[in-house]
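Source file: structure_29.csv (CSV, C-alpha atoms)
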chain,number,residue,atom,x,y,z
V,1,MET,CA,-69.0,125.9,21.4
V,2,THR,CA,-65.8,127.0,19.7
V,3,ILE,CA,-65.1,125.0,16.5
V,4,ALA,CA,-61.5,125.0,15.2
V,5,ARG,CA,-61.8,125.4,11.5
V,6,PRO,CA,-60.1,122.8,9.3
V,7,GLY,CA,-56.5,123.5,8.5
V,8,ALA,CA,-56.0,126.0,11.4
V,9,ARG,CA,-52.4,126.4,12.2
V,10,PRO,CA,-51.2,125.3,15.7
V,11,LEU,CA,-49.6,128.0,17.8
V,12,ALA,CA,-45.9,128.1,17.0
V,13,GLY,CA,-43.9,126.4,19.7
V,14,ALA,CA,-46.8,124.6,21.5
V,15,PHE,CA,-44.6,121.8,23.0
V,16,ALA,CA,-42.0,122.9,20.5
V,17,SER,CA,-39.9,120.1,19.0
V,18,THR,CA,-36.8,122.0,18.1
V,19,PRO,CA,-34.4,124.3,20.1
V,20,ALA,CA,-35.1,127.2,17.8
V,21,ALA,CA,-38.8,126.8,18.1
V,22,ALA,CA,-38.5,126.5,21.8
V,23,ARG,CA,-36.6,129.7,22.0
V,24,ARG,CA,-39.2,131.5,19.9
V,25,THR,CA,-41.9,130.2,22.2
V,26,ALA,CA,-40.1,131.3,25.3
V,27,LEU,CA,-39.6,134.8,23.8
V,28,LEU,CA,-43.3,134.9,23.0
V,29,ALA,CA,-44.2,133.9,26.5
V,30,VAL,CA,-41.9,136.5,28.1
V,31,THR,CA,-43.3,139.2,25.7
V,32,LEU,CA,-46.9,138.3,26.7
V,33,VAL,CA,-46.2,138.4,30.4
V,34,LEU,CA,-44.5,141.7,30.1
V,35,SER,CA,-47.2,143.3,28.0
V,36,ALA,CA,-49.8,144.0,30.6
V,37,CYS,CA,-50.2,147.5,29.1
V,38,SER,CA,-52.0,146.0,26.2
V,39,VAL,CA,-54.7,144.2,28.3
V,40,GLN,CA,-58.2,145.2,27.4
V,41,VAL,CA,-60.5,146.4,30.2
V,42,HIS,CA,-64.1,146.9,29.3
V,43,ARG,CA,-65.1,150.6,29.3
V,44,GLY,CA,-68.8,151.2,29.0
V,45,GLY,CA,-69.3,149.0,26.0
V,46,ALA,CA,-65.9,149.4,24.3
V,47,ALA,CA,-62.5,147.8,24.8
V,48,ALA,CA,-59.7,150.2,25.7
V,49,SER,CA,-56.0,149.8,26.5
V,50,THR,CA,-55.2,150.2,30.2
V,51,GLY,CA,-52.3,152.3,29.2
V,52,ALA,CA,-54.4,154.7,27.1
V,53,ALA,CA,-55.5,158.2,28.3
V,54,ILE,CA,-59.2,157.4,28.0
V,55,PRO,CA,-61.6,158.6,30.7
V,56,ALA,CA,-63.3,155.8,32.5
V,57,LEU,CA,-67.1,155.6,32.0
V,58,GLU,CA,-67.9,153.2,34.9
V,59,PRO,CA,-68.7,154.3,38.4
V,60,LYS,CA,-65.7,154.3,40.7
V,61,GLY,CA,-66.9,151.2,42.6
V,62,GLN,CA,-67.2,149.3,39.4
V,63,ARG,CA,-63.7,150.4,38.3
V,64,ASP,CA,-62.2,149.4,41.6
V,65,ALA,CA,-63.8,146.0,41.4
V,66,GLN,CA,-62.6,145.6,37.9
V,67,HIS,CA,-59.0,146.5,38.9
V,68,ALA,CA,-59.2,144.1,41.8
V,69,LEU,CA,-60.4,141.3,39.5
V,70,PHE,CA,-57.6,141.9,37.0
V,71,LEU,CA,-55.0,141.7,39.8
V,72,ALA,CA,-56.5,138.6,41.3
V,73,ASP,CA,-56.4,136.8,37.9
V,74,LEU,CA,-52.9,138.1,37.1
V,75,HIS,CA,-51.4,137.0,40.4
V,76,ARG,CA,-53.4,133.8,41.2
V,77,GLY,CA,-50.5,131.7,40.0
V,78,ASP,CA,-47.9,133.5,42.3
V,79,SER,CA,-46.4,131.5,45.2
V,80,VAL,CA,-48.2,128.3,44.3
V,81,PRO,CA,-45.8,125.4,45.2
V,82,ALA,CA,-45.4,122.3,43.1
V,83,GLY,CA,-47.1,119.0,43.9
V,84,ASP,CA,-50.3,118.3,45.8
V,85,ALA,CA,-49.8,121.5,47.9
V,86,GLY,CA,-49.8,123.5,44.8
V,87,ALA,CA,-53.0,122.0,43.5
V,88,ALA,CA,-54.7,122.7,46.8
V,89,ALA,CA,-53.4,126.3,46.8
V,90,ALA,CA,-54.6,126.9,43.2
V,91,ALA,CA,-58.0,125.3,44.0
V,92,ARG,CA,-58.6,127.9,46.7
V,93,TRP,CA,-59.2,130.5,44.0
V,94,PHE,CA,-62.4,128.6,43.1
V,95,ALA,CA,-65.7,128.8,44.8
V,96,ASP,CA,-67.0,125.8,46.7
V,97,ASP,CA,-69.5,125.0,44.0
V,98,ALA,CA,-67.4,126.1,41.0
V,99,VAL,CA,-68.0,124.5,37.6
V,100,TYR,CA,-64.9,123.3,35.9
V,101,LEU,CA,-64.3,122.3,32.2
V,102,TYR,CA,-61.2,120.2,31.6
V,103,PRO,CA,-60.5,118.4,28.3
V,104,GLY,CA,-61.6,114.8,28.1
V,105,LEU,CA,-63.8,115.0,31.2
V,106,PRO,CA,-67.5,115.7,31.8
V,107,VAL,CA,-68.5,119.0,33.3
V,108,LEU,CA,-67.2,118.9,36.9
V,109,GLN,CA,-68.3,120.8,40.0
V,110,GLY,CA,-66.7,121.7,43.3
V,111,ARG,CA,-63.4,122.8,44.7
V,112,GLU,CA,-62.4,119.2,45.3
V,113,ALA,CA,-62.9,118.4,41.6
V,114,VAL,CA,-60.6,121.3,40.7
V,115,ARG,CA,-58.0,120.1,43.2
V,116,ALA,CA,-58.1,116.5,42.0
V,117,VAL,CA,-57.7,117.6,38.3
V,118,LEU,CA,-54.8,120.1,39.1
V,119,ALA,CA,-53.0,117.5,41.2
V,120,GLN,CA,-52.9,115.1,38.3
V,121,ALA,CA,-52.4,117.6,35.5
V,122,GLY,CA,-49.7,119.5,37.3
V,123,ALA,CA,-47.5,116.4,37.3
V,124,GLY,CA,-47.2,116.7,33.5
V,125,ALA,CA,-47.4,120.5,32.8
V,126,ARG,CA,-47.6,123.2,35.4
V,127,VAL,CA,-49.0,126.7,34.9
V,128,ILE,CA,-46.4,129.2,36.1
V,129,ARG,CA,-48.1,132.4,35.0
V,130,PHE,CA,-51.6,133.7,34.0
V,131,GLN,CA,-51.9,136.7,31.8
V,132,PRO,CA,-55.5,138.1,31.5
V,133,LEU,CA,-56.2,139.8,28.2
V,134,ARG,CA,-59.7,141.1,28.9
V,135,VAL,CA,-61.5,141.7,32.2
V,136,GLU,CA,-65.0,143.0,32.7
V,137,VAL,CA,-67.1,143.5,35.8
V,138,SER,CA,-70.8,144.0,36.3
V,139,ARG,CA,-72.3,147.3,37.3
V,140,GLY,CA,-72.8,146.1,40.9
V,141,GLY,CA,-69.2,144.9,41.1
V,142,ASP,CA,-70.2,141.5,42.3
V,143,PHE,CA,-69.7,139.4,39.1
V,144,GLY,CA,-67.2,139.4,36.2
V,145,TYR,CA,-65.1,137.5,33.8
V,146,SER,CA,-61.6,137.2,32.5
V,147,VAL,CA,-60.0,135.8,29.3
V,148,GLY,CA,-56.3,135.2,28.9
V,149,TYR,CA,-53.4,133.0,28.4
V,150,ALA,CA,-51.8,130.5,30.8
V,151,LEU,CA,-48.0,130.1,30.5
V,152,ARG,CA,-47.4,126.4,31.0
V,153,VAL,CA,-44.1,124.6,31.3
V,154,ALA,CA,-43.8,120.8,30.8
V,155,ARG,CA,-42.2,118.8,33.6
V,156,ASP,CA,-39.6,117.1,31.5
V,157,SER,CA,-35.9,117.4,30.7
V,158,ALA,CA,-36.6,119.9,27.9
V,159,ALA,CA,-38.8,122.2,30.1
V,160,ARG,CA,-40.8,123.1,27.0
V,161,VAL,CA,-43.1,126.1,27.3
V,162,ARG,CA,-46.5,126.6,25.7
V,163,LEU,CA,-49.3,129.2,25.9
V,164,ASP,CA,-52.9,128.0,26.4
V,165,ARG,CA,-56.0,130.1,26.7
V,166,TYR,CA,-58.6,130.1,29.5
V,167,GLN,CA,-61.9,131.7,30.4
V,168,ALA,CA,-63.1,132.4,33.9
V,169,ALA,CA,-66.3,133.7,35.4
V,170,TRP,CA,-65.9,135.2,38.8
V,171,ALA,CA,-68.2,136.2,41.7
V,172,ARG,CA,-67.2,138.5,44.6
V,173,THR,CA,-68.0,137.8,48.2
V,174,GLY,CA,-66.9,140.7,50.4
V,175,ASP,CA,-63.4,141.6,49.2
V,176,ALA,CA,-62.6,138.2,47.8
V,177,TRP,CA,-63.0,137.2,44.1
V,178,ARG,CA,-63.6,133.5,43.5
V,179,ILE,CA,-64.0,131.6,40.2
V,180,VAL,CA,-67.5,130.1,39.7
V,181,ALA,CA,-67.0,128.7,36.1
V,182,TYR,CA,-63.7,127.9,34.3
V,183,SER,CA,-62.8,126.5,30.9
V,184,GLU,CA,-59.3,125.3,29.8
V,185,LEU,CA,-58.8,126.1,26.1
V,186,PRO,CA,-55.5,124.4,25.2
V,187,VAL,CA,-53.6,124.6,21.9
V,188,GLY,CA,-52.5,121.0,22.4
V,189,PRO,CA,-53.2,117.9,24.5
V,190,LEU,CA,-53.2,118.4,28.3
V,191,PRO,CA,-52.2,115.5,30.7
V,192,ALA,CA,-54.9,112.8,30.9
V,193,VAL,CA,-56.9,113.0,34.2
V,194,THR,CA,-59.4,110.7,35.9
V,195,VAL,CA,-61.8,111.8,38.6
V,196,ALA,CA,-64.6,110.2,40.7
V,197,ASP,CA,-68.0,110.2,39.1
V,198,SER,CA,-69.3,111.9,42.3
V,199,LEU,CA,-67.5,115.1,41.1
V,200,ARG,CA,-69.5,115.3,37.9
V,201,TYR,CA,-71.9,118.3,37.7
V,202,ARG,CA,-75.5,117.5,38.1
V,203,ALA,CA,-77.5,119.8,35.8
V,204,ALA,CA,-80.2,122.1,37.4
V,205,GLN,CA,-82.4,124.9,36.2
V,206,PRO,CA,-80.9,128.4,36.7
V,207,ALA,CA,-82.3,131.0,39.1
V,208,GLU,CA,-84.1,134.1,38.0
V,209,GLY,CA,-82.6,137.3,36.7
V,210,ALA,CA,-79.6,137.4,34.5
V,211,ALA,CA,-78.9,133.7,34.8
V,212,ALA,CA,-82.4,132.8,33.5
V,213,ASP,CA,-82.1,135.3,30.7
V,214,ALA,CA,-78.7,134.0,29.7
V,215,TRP,CA,-80.1,130.4,29.8
V,216,ALA,CA,-83.0,131.5,27.5
V,217,ALA,CA,-80.6,133.3,25.1
V,218,ASP,CA,-78.3,130.3,24.9
V,219,ARG,CA,-81.2,128.0,23.9
V,220,ALA,CA,-82.4,130.5,21.3
V,221,PHE,CA,-78.8,130.8,20.1
V,222,ALA,CA,-78.7,127.0,19.7
V,223,ALA,CA,-82.0,127.0,17.8
V,224,ASP,CA,-80.7,129.6,15.4
V,225,GLY,CA,-77.6,127.5,14.9
V,226,ALA,CA,-79.8,124.7,13.6
V,227,ALA,CA,-81.9,127.0,11.5
V,228,ILE,CA,-79.4,129.4,9.9
V,229,GLY,CA,-76.1,127.6,10.4
V,230,THR,CA,-73.5,127.7,13.2
V,231,GLY,CA,-71.3,130.5,11.8
V,232,ALA,CA,-74.3,132.8,11.1
V,233,ALA,CA,-75.8,132.2,14.5
V,234,PHE,CA,-72.5,133.0,16.2
V,235,ALA,CA,-72.3,136.3,14.4
V,236,LYS,CA,-76.0,137.1,15.0
V,237,TRP,CA,-75.7,136.6,18.8
V,238,ALA,CA,-72.3,138.2,19.3
V,239,ALA,CA,-71.7,141.5,21.0
V,240,ALA,CA,-69.9,144.1,19.0
V,241,ASP,CA,-66.6,143.2,20.8
V,242,ALA,CA,-67.2,139.5,21.1
V,243,MET,CA,-64.1,137.4,21.4
V,244,LEU,CA,-64.0,133.9,19.9
V,245,GLY,CA,-61.1,131.5,20.2
V,246,GLY,CA,-60.0,129.6,17.1
V,247,GLY,CA,-57.6,126.9,16.1
V,248,GLY,CA,-53.9,127.5,17.0
V,249,GLY,CA,-54.7,129.8,19.9
V,250,GLU,CA,-55.7,132.9,18.0
V,251,LEU,CA,-58.6,135.1,19.0
V,252,ASN,CA,-61.2,136.4,16.6
V,253,VAL,CA,-62.8,139.7,17.8
V,254,GLY,CA,-65.9,141.2,16.2
V,255,HIS,CA,-68.6,140.0,13.7
V,256,PRO,CA,-66.5,139.9,10.5
V,257,ALA,CA,-63.6,138.0,12.2
V,258,ILE,CA,-66.1,135.5,13.8
V,259,LEU,CA,-67.7,134.8,10.4
V,260,ARG,CA,-64.3,134.3,8.8
V,261,ALA,CA,-63.3,131.9,11.6
V,262,PHE,CA,-66.1,129.6,10.7
V,263,GLY,CA,-65.5,129.8,7.0
V,264,ASP,CA,-67.8,128.2,4.4
V,265,PRO,CA,-70.3,125.7,5.7
V,266,VAL,CA,-69.0,122.1,5.6
V,267,PRO,CA,-71.5,119.6,4.1
V,268,GLY,CA,-72.7,117.2,6.7
V,269,ALA,CA,-71.2,119.2,9.6
V,270,SER,CA,-73.3,120.4,12.5
V,271,LEU,CA,-73.1,121.7,16.1
V,272,VAL,CA,-75.9,121.2,18.5
V,273,TRP,CA,-75.8,122.4,22.1
V,274,GLY,CA,-77.7,123.3,25.2
V,275,PRO,CA,-77.0,124.9,28.6
V,276,VAL,CA,-76.7,122.9,31.9
V,277,PHE,CA,-75.6,125.7,34.2
V,278,ALA,CA,-76.1,129.4,34.5
V,279,ARG,CA,-75.1,132.1,36.9
V,280,GLY,CA,-75.4,135.9,36.7
V,281,ALA,CA,-74.8,139.3,38.3
V,282,ALA,CA,-77.3,140.7,40.8
V,283,SER,CA,-77.3,143.8,38.6
V,284,GLY,CA,-78.5,141.8,35.7
V,285,ASP,CA,-75.9,142.9,33.1
V,286,LEU,CA,-73.5,139.9,33.0
V,287,ALA,CA,-74.0,136.2,33.2
V,288,VAL,CA,-72.3,132.9,32.3
V,289,THR,CA,-73.7,129.7,30.8
V,290,VAL,CA,-72.0,126.3,30.7
V,291,GLY,CA,-73.4,123.6,28.5
V,292,GLU,CA,-72.9,120.4,26.6
V,293,ALA,CA,-72.6,120.0,22.8
V,294,VAL,CA,-72.1,117.5,20.0
V,295,SER,CA,-70.0,118.5,17.0
V,296,THR,CA,-70.6,116.3,13.9
V,297,GLY,CA,-68.5,116.3,10.8
V,298,PRO,CA,-67.0,114.1,8.1
V,299,GLY,CA,-64.3,111.6,9.4
V,300,PRO,CA,-61.3,110.5,7.5
V,301,ASP,CA,-63.4,108.1,5.5
V,302,GLY,CA,-66.0,110.7,4.8
V,303,LYS,CA,-68.6,109.2,7.2
V,304,PRO,CA,-70.1,111.4,9.9
V,305,VAL,CA,-68.3,111.4,13.2
V,306,ALA,CA,-69.9,112.8,16.4
V,307,ARG,CA,-67.7,114.4,19.0
V,308,PRO,CA,-69.1,115.3,22.4
V,309,THR,CA,-67.9,118.7,23.7
V,310,LYS,CA,-68.7,121.2,26.4
V,311,TYR,CA,-68.6,125.0,26.4
V,312,LEU,CA,-68.5,128.2,28.5
V,313,THR,CA,-70.2,131.3,27.3
V,314,VAL,CA,-70.2,134.8,28.9
V,315,TRP,CA,-73.2,137.0,28.2
V,316,ARG,CA,-73.7,140.8,28.4
V,317,ARG,CA,-77.1,142.5,28.4
V,318,THR,CA,-77.3,145.0,25.5
V,319,PRO,CA,-80.2,147.1,24.1
V,320,ALA,CA,-80.8,144.1,21.7
V,321,GLY,CA,-80.9,141.6,24.7
V,322,MET,CA,-78.4,139.2,25.9
V,323,ARG,CA,-75.4,138.8,23.6
V,324,TRP,CA,-72.3,136.6,24.1
V,325,VAL,CA,-68.9,138.3,24.6
V,326,THR,CA,-66.6,135.3,24.9
V,327,ASP,CA,-67.0,131.6,24.2
V,328,GLY,CA,-64.9,128.5,24.2
V,329,GLY,CA,-64.9,124.8,25.0
V,330,ASN,CA,-63.1,121.5,25.0
V,331,PRO,CA,-63.9,117.8,24.5
V,332,ARG,CA,-65.8,115.7,27.0
Encoding of this model in structure tokens:
Amino acid sequence: MTIARPGARPLAGAFASTPAAARRTALLAVTLVLSACSVQVHRGGAAASTGAAIPALEPKGQRDAQHALFLADLHRGDSVPAGDAGAAAAARWFADDAVYLYPGLPVLQGREAVRAVLAQAGAGARVIRFQPLRVEVSRGGDFGYSVGYALRVARDSAARVRLDRYQAAWARTGDAWRIVAYSELPVGPLPAVTVADSLRYRAAQPAEGAAADAWAADRAFAADGAAIGTGAAFAKWAAADAMLGGGGGELNVGHPAILRAFGDPVPGASLVWGPVFARGAASGDLAVTVGEAVSTGPGPDGKPVARPTKYLTVWRRTPAGMRWVTDGGNPR
């Protein structure tokens, strides 16, 4: 459901066109990868630096699960070979029924869909490193999410480097973490991909518990978007530490930043959406919804243009009810 506000600056060096810009991008990428100490790990309702001397508030089992999820996300790109073998290896991090959001495609489902997309996309720009910026795990340690940057290098003579964001919802079976919902949040175009229609996700109602509560919250959130405006609704339904992506790859954290990200309402612009998928933690405190949306705004000639999109939203249960903690999407 993320809307890039008009005039947002692209991330410097996204497929940089000059040697100097390329060097700056490479330096930024290296700095990001080496800055794991600044990664935020949720601590009992607040975000804290993993390098800070702050006592952990979660039970040990939850802390251990959170640490394991962080390491899984950080290292899932390690030792992945190029080509079809690499796509298959990367797809093994996804659950059999994972939901996948890739720009320009409908919502997809299944590990085979992920493999098919990665096999084609990797031929043009391969991810060589993932850097999670925030990781949070449910009280029961069975469900969590991560938000971060993917370091991607173009397969061309210039070997240009760019940083794209991603969101991932994870579920744990035994000692293994697997992605159950994933959204690519690129700062520029990704390689065009085609997949069989059989890989399209077929919408179904969610189960009970946190999934159903997140589904209901998402629908109420959408109703508020129509009633009070998109930006106001995003701020109203945001958790205190909510993280919203914006144009150019930046992240907006907290209510004031989220309101600023949307800016003043644009006459004739609207965003309507609704969930098609939900999954949640058995402990009831975290959940994810995936949905479809239509963004409408003035085109170059001033006439309304409708753009179909899709989104992934992670929800946390708070004293006020379900509130979103991270949100993003891409075209469909």
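Interatomic distance, atom CA of V:Glu136 against atom CA of V:Lys236: 21.7 Å.
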- Message: For V:Ala287, find every residue with an atom within 8 Å (counting all atoms listed in the file), except residues of its own chain fewer than 3 positions away, and show them as a ChimeraX atom specification.
- Response: /V:143,210-211,214,278-281,284,314-316
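Atom CA of V:Ala72 to atom CA of V:Gly188 spans 26.1 Å [interatomic distance, one decimal].
Look at V:Arg76: the protein and nucleic acid residues within 9 Å of it, using only C-alpha atoms and passing over chain neighbours fewer than 2 places away, are Leu71, Ala72, Asp73, Leu74, Asp78, Ser79, Val80, Ala90, Trp93, Arg129 and Phe130 of chain V.
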Per-residue nearest contacts of stretch 106-143 of chain V to stretch 194-198 of chain V (12 Å; only C-alpha atoms) as CSV:
residue,atom,partner,partner_atom,distance
V:Pro106,CA,V:Asp197,CA,9.2
V:Val107,CA,V:Asp197,CA,10.6
V:Leu108,CA,V:Asp197,CA,9.0
V:Gln109,CA,V:Ser198,CA,9.2
V:Gly110,CA,V:Ser198,CA,10.2
V:Glu112,CA,V:Val195,CA,10.0
V:Ala113,CA,V:Val195,CA,7.3
V:Val114,CA,V:Val195,CA,9.8
V:Arg115,CA,V:Val195,CA,10.2
V:Ala116,CA,V:Val195,CA,6.9
V:Val117,CA,V:Val195,CA,7.1
V:Leu118,CA,V:Val195,CA,10.9
V:Ala119,CA,V:Thr194,CA,10.7
V:Gln120,CA,V:Thr194,CA,8.2
V:Ala121,CA,V:Thr194,CA,9.8
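When all atoms listed in the file are used to compute distances to V:Val272, the closest of the residues V:Gly328, V:Gly231, V:Gly225, V:Pro304 turns out to be V:Gly225.
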Could you pull the residues within 6 Å of stretch 94-102 of chain V, counting all atoms listed in the file, minus those fewer than 6 positions along the same chain, as an mmCIF file with C-alpha atoms, in the coordinates of the input?
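Output contents, as saved in result.cif:
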data_model
loop_
_atom_site.group_PDB
_atom_site.id
_atom_site.type_symbol
_atom_site.label_atom_id
_atom_site.label_comp_id
_atom_site.auth_asym_id
_atom_site.auth_seq_id
_atom_site.Cartn_x
_atom_site.Cartn_y
_atom_site.Cartn_z
ATOM 1 C CA LEU V 108 -67.200 118.900 36.900
ATOM 2 C CA GLN V 109 -68.300 120.800 40.000
ATOM 3 C CA GLY V 110 -66.700 121.700 43.300
ATOM 4 C CA ARG V 111 -63.400 122.800 44.700
ATOM 5 C CA ARG V 178 -63.600 133.500 43.500
ATOM 6 C CA ILE V 179 -64.000 131.600 40.200
ATOM 7 C CA VAL V 180 -67.500 130.100 39.700
ATOM 8 C CA ALA V 181 -67.000 128.700 36.100
ATOM 9 C CA TYR V 182 -63.700 127.900 34.300
ATOM 10 C CA SER V 183 -62.800 126.500 30.900
ATOM 11 C CA GLU V 184 -59.300 125.300 29.800
#
- Message: Measuring between only C-alpha atoms, which one of V:Arg202, V:Val253, V:Leu190, V:Arg172 shows the shortest distance to V:Gly144?
- Response: V:Arg172
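Separating atom CA of V:Ala232 from atom CA of V:Pro308 is a distance of 21.5 Å.
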